[in-house]
Amino acid sequence: MKKIMVSIILLSIISLTLYGCFPEKSNSEAEKNTLTVYASIYPLYDFTKKIGKEKVNVHLIIPAGAEPHDWEPSAKLMAKIQEADLFIYNGLGMESWAERIIQAVDHPDLIVVNTSDNIEWLELGEEDDHHHDKESKHSYDPHLWLDPLRAMQQAEHIKNALIEADSKNKDFYEDNFLKLKEEFLKLDKEYQIALSQLSKNEIVVSHAAFGYLADRYNLRQLSVSGLSPQAEPSPNEMANLTDFIKEHNVEYIFYEPLSNSKLIEVIAEETGVKMLTLNPLGNITQEDLDEGKDYFSIMRENLESLKKALTE
Ligand SMILES: [Zn+2]
């Protein structure tokens with residue numbers, strides 16, 4: 001009996017000791033197994049989640065519902081981003097504050113991912129010459145993600161960076177990326193087929209976010225406010241736009257969920273055209289996020305809007 005008691009006490013001591021040890025160990029291991037990632041805009045956040053799944057803890061830097069063009073992170077958030085494993089951004093002047101993070105970084109382990117690298121950029125036309133980043137000397141259109149094939153290249157940059165940060169899970173990231181790649185190709189096919197059957201190809205949009213989409217599927221984009229949703233067109237530009245709508249038999253004009261549609265309403269009223277949503281996806285609304293929508297479902301909603309607008 002005494003022996004049994006001693007054994008029980010010993011066992012208790014051992015298990016208590018183990019209990020005391022293990023949670024701490026498994027905690028630090030769990031931390032090591034999860035990459036902390038900050039992604040600037042919604043599409044990049046969505047792609048990162050789809051490639052990294054449970055192995056990444058992804059934060060969307062620009063909060064859902066915020067208009068992404070003029071948004072700036074606080075100093076506190078900037079500091080947090082610098083302590084992460086990865087900072088993923090779009091580039092081409094979309095995030096005027098990204099440069100400050102890169103320059104200020106004193107955390108040698110932070111992997112910075114410019115997802116616009118090695119992608120065929122489009123120069124801006126004269127009419128769209130409103131830069132997102134006014135200090136930038138470049139005049140390239142930043143809205144790469146609205147072309148599914150360029151978005152796929154952005155996702156590939158993200159995949160490569162996740163592997164760089166966490167090479168032991170290379171196969172996991174490669175597999176998830178392959179599945180995602182299939183999704184992009186499927187979406188591209190749907191756009192190709194649907195848009196090649198339509199009789200019209202001119203779209204009048206709120207801000208010039210759809211240049212890459214137009215480039216991919218042979219559409220022509222006319223924008224009310226150029227590259228920045230906040231820019232105000234001159235009376236002359238407004239007159240040109242209403243003339244264009246009348247001359248080209250445009251029946252629908254597109255507005256965006258996250259920016260002021262006042263000008264679009266004025267034009268619609270003046271010309272008698274109807275309004276439809278076309279989402280530039282620079283961010284997502286909280287409502288869409290809560291409903292479980294993602295890049296692909298919103299791109300398909302956009303396709304439905306385009307089909308409606310471009311059918312005679
Ligand atoms: Zn934009």
# chains A, B, ... in the order shown; residues from 1 in each chain; ligands from 1
$ select_by_dssp --residues "stretch 58-276 of chain A" --states "helix (DSSP H, G or I)" --output "ChimeraX atom specification"
/A:75-82,98-104,126-128,144-146,148-165,167-196,211-217,235-247,262-271
$ closest_atom_pairs --of "stretch 83-111 of chain A" --to "stretch 144-147 of chain A" --cutoff "12 Å" --atoms "only C-alpha atoms" --output "Markdown table"
| residue | atom | partner | partner_atom | distance |
| --- | --- | --- | --- | --- |
| A:Tyr89 | CA | A:Trp145 | CA | 11.7 |
| A:Asn90 | CA | A:Leu144 | CA | 8.2 |
| A:Gly91 | CA | A:Leu144 | CA | 9.6 |
| A:Leu92 | CA | A:Leu144 | CA | 9.3 |
| A:Gly93 | CA | A:Leu144 | CA | 11.8 |
| A:Met94 | CA | A:Leu144 | CA | 10.2 |
$ write_last_selection --atoms "N, CA and C atoms" --output "JSON list (two decimals), in the first residue's frame"
[["chain", "number", "residue", "atom", "x", "y", "z"],
["A", 89, "TYR", "N", 2.73, 43.98, -50.30],
["A", 89, "TYR", "CA", 2.02, 45.15, -50.82],
["A", 89, "TYR", "C", 1.92, 45.10, -52.33],
["A", 90, "ASN", "N", 1.09, 45.98, -52.88],
["A", 90, "ASN", "CA", 0.81, 45.95, -54.32],
["A", 90, "ASN", "C", 1.93, 46.61, -55.12],
["A", 91, "GLY", "N", 2.37, 47.79, -54.64],
["A", 91, "GLY", "CA", 3.38, 48.54, -55.38],
["A", 91, "GLY", "C", 2.77, 49.44, -56.45],
["A", 92, "LEU", "N", 3.63, 50.01, -57.29],
["A", 92, "LEU", "CA", 3.24, 50.96, -58.35],
["A", 92, "LEU", "C", 2.52, 52.19, -57.79],
["A", 93, "GLY", "N", 2.87, 52.55, -56.54],
["A", 93, "GLY", "CA", 2.32, 53.76, -55.95],
["A", 93, "GLY", "C", 0.96, 53.60, -55.31],
["A", 94, "MET", "N", 0.43, 52.37, -55.29],
["A", 94, "MET", "CA", -0.88, 52.16, -54.67],
["A", 94, "MET", "C", -0.83, 52.49, -53.18]]
$ residues_near_ligand --ligand "ligand 1" --cutoff "6 Å" --atoms "only C-alpha atoms and all ligand atoms" --output "PDB file with C-alpha atoms, in the first residue's frame"
ATOM      1  CA  ALA A 209      -9.301  51.063 -61.984  1.00  0.00           C
ATOM      2  CA  LEU A 227      -6.929  57.122 -61.349  1.00  0.00           C
ATOM      3  CA  SER A 228      -7.933  58.591 -58.031  1.00  0.00           C
TER       4      SER A 228
END
$ select_by_dssp --residues "stretch 173-300 of chain A" --states "strand (DSSP E)" --output "PDB file with N, CA and C atoms, in the first residue's frame"
ATOM      1  N   GLU A 202     -17.384  49.336 -74.566  1.00  0.00           N
ATOM      2  CA  GLU A 202     -16.997  50.576 -73.889  1.00  0.00           C
ATOM      3  C   GLU A 202     -17.632  50.677 -72.515  1.00  0.00           C
ATOM      4  N   ILE A 203     -16.800  50.851 -71.500  1.00  0.00           N
ATOM      5  CA  ILE A 203     -17.340  50.976 -70.141  1.00  0.00           C
ATOM      6  C   ILE A 203     -17.016  52.355 -69.570  1.00  0.00           C
ATOM      7  N   VAL A 204     -18.022  52.954 -68.953  1.00  0.00           N
ATOM      8  CA  VAL A 204     -17.822  54.249 -68.295  1.00  0.00           C
ATOM      9  C   VAL A 204     -17.834  53.984 -66.797  1.00  0.00           C
ATOM     10  N   VAL A 205     -16.677  54.255 -66.166  1.00  0.00           N
ATOM     11  CA  VAL A 205     -16.499  53.902 -64.753  1.00  0.00           C
ATOM     12  C   VAL A 205     -16.191  55.144 -63.920  1.00  0.00           C
ATOM     13  N   ARG A 220     -12.848  49.019 -73.575  1.00  0.00           N
ATOM     14  CA  ARG A 220     -12.327  50.382 -73.544  1.00  0.00           C
ATOM     15  C   ARG A 220     -12.924  51.073 -72.326  1.00  0.00           C
ATOM     16  N   GLN A 221     -12.047  51.599 -71.493  1.00  0.00           N
ATOM     17  CA  GLN A 221     -12.490  52.209 -70.240  1.00  0.00           C
ATOM     18  C   GLN A 221     -12.485  53.728 -70.344  1.00  0.00           C
ATOM     19  N   LEU A 222     -13.581  54.347 -69.932  1.00  0.00           N
ATOM     20  CA  LEU A 222     -13.617  55.800 -69.793  1.00  0.00           C
ATOM     21  C   LEU A 222     -13.930  56.105 -68.347  1.00  0.00           C
ATOM     22  N   SER A 223     -13.117  56.954 -67.713  1.00  0.00           N
ATOM     23  CA  SER A 223     -13.359  57.179 -66.296  1.00  0.00           C
ATOM     24  C   SER A 223     -13.789  58.606 -66.024  1.00  0.00           C
ATOM     25  N   TYR A 252     -25.406  51.970 -69.468  1.00  0.00           N
ATOM     26  CA  TYR A 252     -25.135  51.849 -68.030  1.00  0.00           C
ATOM     27  C   TYR A 252     -23.838  52.562 -67.691  1.00  0.00           C
ATOM     28  N   ILE A 253     -23.810  53.142 -66.512  1.00  0.00           N
ATOM     29  CA  ILE A 253     -22.576  53.747 -66.006  1.00  0.00           C
ATOM     30  C   ILE A 253     -22.283  53.090 -64.650  1.00  0.00           C
ATOM     31  N   PHE A 254     -21.004  52.816 -64.419  1.00  0.00           N
ATOM     32  CA  PHE A 254     -20.632  52.040 -63.231  1.00  0.00           C
ATOM     33  C   PHE A 254     -20.216  52.916 -62.049  1.00  0.00           C
ATOM     34  N   TYR A 255     -20.666  52.538 -60.878  1.00  0.00           N
ATOM     35  CA  TYR A 255     -20.206  53.203 -59.651  1.00  0.00           C
ATOM     36  C   TYR A 255     -19.552  52.167 -58.752  1.00  0.00           C
ATOM     37  N   LYS A 274     -28.566  54.170 -66.845  1.00  0.00           N
ATOM     38  CA  LYS A 274     -28.773  53.517 -65.554  1.00  0.00           C
ATOM     39  C   LYS A 274     -27.440  53.269 -64.867  1.00  0.00           C
ATOM     40  N   MET A 275     -27.512  53.034 -63.557  1.00  0.00           N
ATOM     41  CA  MET A 275     -26.286  52.812 -62.774  1.00  0.00           C
ATOM     42  C   MET A 275     -26.156  51.348 -62.364  1.00  0.00           C
ATOM     43  N   LEU A 276     -24.919  50.852 -62.396  1.00  0.00           N
ATOM     44  CA  LEU A 276     -24.612  49.485 -61.976  1.00  0.00           C
ATOM     45  C   LEU A 276     -23.328  49.500 -61.153  1.00  0.00           C
ATOM     46  N   THR A 277     -23.164  48.521 -60.265  1.00  0.00           N
ATOM     47  CA  THR A 277     -21.913  48.448 -59.496  1.00  0.00           C
ATOM     48  C   THR A 277     -20.839  47.716 -60.293  1.00  0.00           C
TER      49      THR A 277
END
$ residues_around --residues "A:Asp175" --least-positions-apart "2" --cutoff "12 Å" --atoms "only C-alpha atoms" --output "list of chain:residue names"
A:Lys50, A:Ile51, A:Gly52, A:Lys53, A:Glu156, A:Lys159, A:Ile163, A:Asn169, A:Lys170, A:Asp171, A:Phe172, A:Tyr173, A:Phe177, A:Leu178, A:Lys179, A:Leu180, A:Lys181, A:Glu182
$ write_last_selection --atoms "C-alpha atoms" --output "PDB file, in the first residue's frame"
ATOM      1  CA  LYS A  50      -5.765  30.909 -49.671  1.00  0.00           C
ATOM      2  CA  ILE A  51      -2.103  29.929 -50.088  1.00  0.00           C
ATOM      3  CA  GLY A  52      -1.019  29.995 -46.442  1.00  0.00           C
ATOM      4  CA  LYS A  53      -4.221  28.694 -44.824  1.00  0.00           C
ATOM      5  CA  GLU A 156       2.772  33.578 -57.214  1.00  0.00           C
ATOM      6  CA  LYS A 159       3.643  31.907 -52.638  1.00  0.00           C
ATOM      7  CA  ILE A 163       8.297  29.466 -49.070  1.00  0.00           C
ATOM      8  CA  ASN A 169       6.239  23.757 -45.703  1.00  0.00           C
ATOM      9  CA  LYS A 170       7.154  24.334 -49.346  1.00  0.00           C
ATOM     10  CA  ASP A 171       4.938  21.521 -50.672  1.00  0.00           C
ATOM     11  CA  PHE A 172       1.958  22.809 -48.710  1.00  0.00           C
ATOM     12  CA  TYR A 173       2.260  26.313 -50.237  1.00  0.00           C
ATOM     13  CA  PHE A 177      -1.030  27.836 -55.028  1.00  0.00           C
ATOM     14  CA  LEU A 178      -1.720  25.257 -57.757  1.00  0.00           C
ATOM     15  CA  LYS A 179      -5.347  25.063 -56.641  1.00  0.00           C
ATOM     16  CA  LEU A 180      -5.566  28.849 -56.580  1.00  0.00           C
ATOM     17  CA  LYS A 181      -3.964  29.021 -60.031  1.00  0.00           C
ATOM     18  CA  GLU A 182      -6.757  26.792 -61.355  1.00  0.00           C
TER      19      GLU A 182
END
$ residues_around --residues "A:Glu95" --least-positions-apart "6" --cutoff "9 Å" --atoms "only C-alpha atoms" --output "PyMOL selection string"
chain A and resi 40-41+68-72+89+132-133
$ write_last_selection --atoms "N, CA and C atoms" --output "short mmCIF file (atom, residue, chain, number, x, y, z; two decimals), in the first residue's frame"
data_model
loop_
_atom_site.label_atom_id
_atom_site.label_comp_id
_atom_site.auth_asym_id
_atom_site.auth_seq_id
_atom_site.Cartn_x
_atom_site.Cartn_y
_atom_site.Cartn_z
N SER A 40 -1.32 44.61 -47.57
CA SER A 40 -1.86 45.97 -47.63
C SER A 40 -3.31 46.00 -48.08
N ILE A 41 -3.61 45.46 -49.25
CA ILE A 41 -4.97 45.61 -49.80
C ILE A 41 -5.69 44.26 -49.82
N PRO A 68 -9.23 52.68 -50.18
CA PRO A 68 -7.79 52.40 -50.03
C PRO A 68 -6.84 53.49 -50.53
N HIS A 69 -7.28 54.39 -51.39
CA HIS A 69 -6.32 55.28 -52.04
C HIS A 69 -5.64 56.28 -51.12
N ASP A 70 -6.41 56.89 -50.24
CA ASP A 70 -5.83 57.93 -49.38
C ASP A 70 -5.58 57.46 -47.96
N TRP A 71 -5.69 56.18 -47.75
CA TRP A 71 -5.58 55.64 -46.40
C TRP A 71 -4.10 55.58 -45.97
N GLU A 72 -3.86 55.87 -44.68
CA GLU A 72 -2.49 55.83 -44.14
C GLU A 72 -2.49 55.07 -42.82
N TYR A 89 2.73 43.98 -50.30
CA TYR A 89 2.02 45.15 -50.82
C TYR A 89 1.92 45.10 -52.33
N HIS A 132 -1.61 57.82 -57.95
CA HIS A 132 -1.99 57.48 -56.58
C HIS A 132 -1.00 58.12 -55.63
N ASP A 133 0.25 58.02 -56.01
CA ASP A 133 1.31 58.57 -55.17
C ASP A 133 1.87 59.78 -55.90
#
$ residues_around --residues "A:Val250" --least-positions-apart "4" --cutoff "10 Å" --atoms "only C-alpha atoms" --output "ChimeraX atom specification"
/A:200-204,242,244-246,271-274,309-310,312
$ write_last_selection --atoms "C-alpha atoms" --output "mmCIF file, in the first residue's frame"
data_model
loop_
_atom_site.group_PDB
_atom_site.id
_atom_site.type_symbol
_atom_site.label_atom_id
_atom_site.label_comp_id
_atom_site.auth_asym_id
_atom_site.auth_seq_id
_atom_site.Cartn_x
_atom_site.Cartn_y
_atom_site.Cartn_z
ATOM 1 C CA LYS A 200 -20.336 46.504 -76.973
ATOM 2 C CA ASN A 201 -16.940 47.082 -75.389
ATOM 3 C CA GLU A 202 -16.997 50.576 -73.889
ATOM 4 C CA ILE A 203 -17.340 50.976 -70.141
ATOM 5 C CA VAL A 204 -17.822 54.249 -68.295
ATOM 6 C CA THR A 242 -21.762 63.049 -71.435
ATOM 7 C CA PHE A 244 -19.415 60.167 -75.303
ATOM 8 C CA ILE A 245 -22.295 58.449 -73.500
ATOM 9 C CA LYS A 246 -24.814 59.859 -75.948
ATOM 10 C CA THR A 271 -27.829 61.437 -69.827
ATOM 11 C CA GLY A 272 -30.636 59.091 -68.806
ATOM 12 C CA VAL A 273 -28.349 56.068 -68.342
ATOM 13 C CA LYS A 274 -28.773 53.517 -65.554
ATOM 14 C CA ALA A 309 -24.055 46.707 -69.528
ATOM 15 C CA LEU A 310 -22.449 45.491 -72.748
ATOM 16 C CA GLU A 312 -27.289 45.539 -76.838
#
$ closest_residue --among "A:Asn260, A:Ser116, A:Asn279, A:Thr48" --to "A:Glu304" --atoms "only C-alpha atoms"
A:Asn279
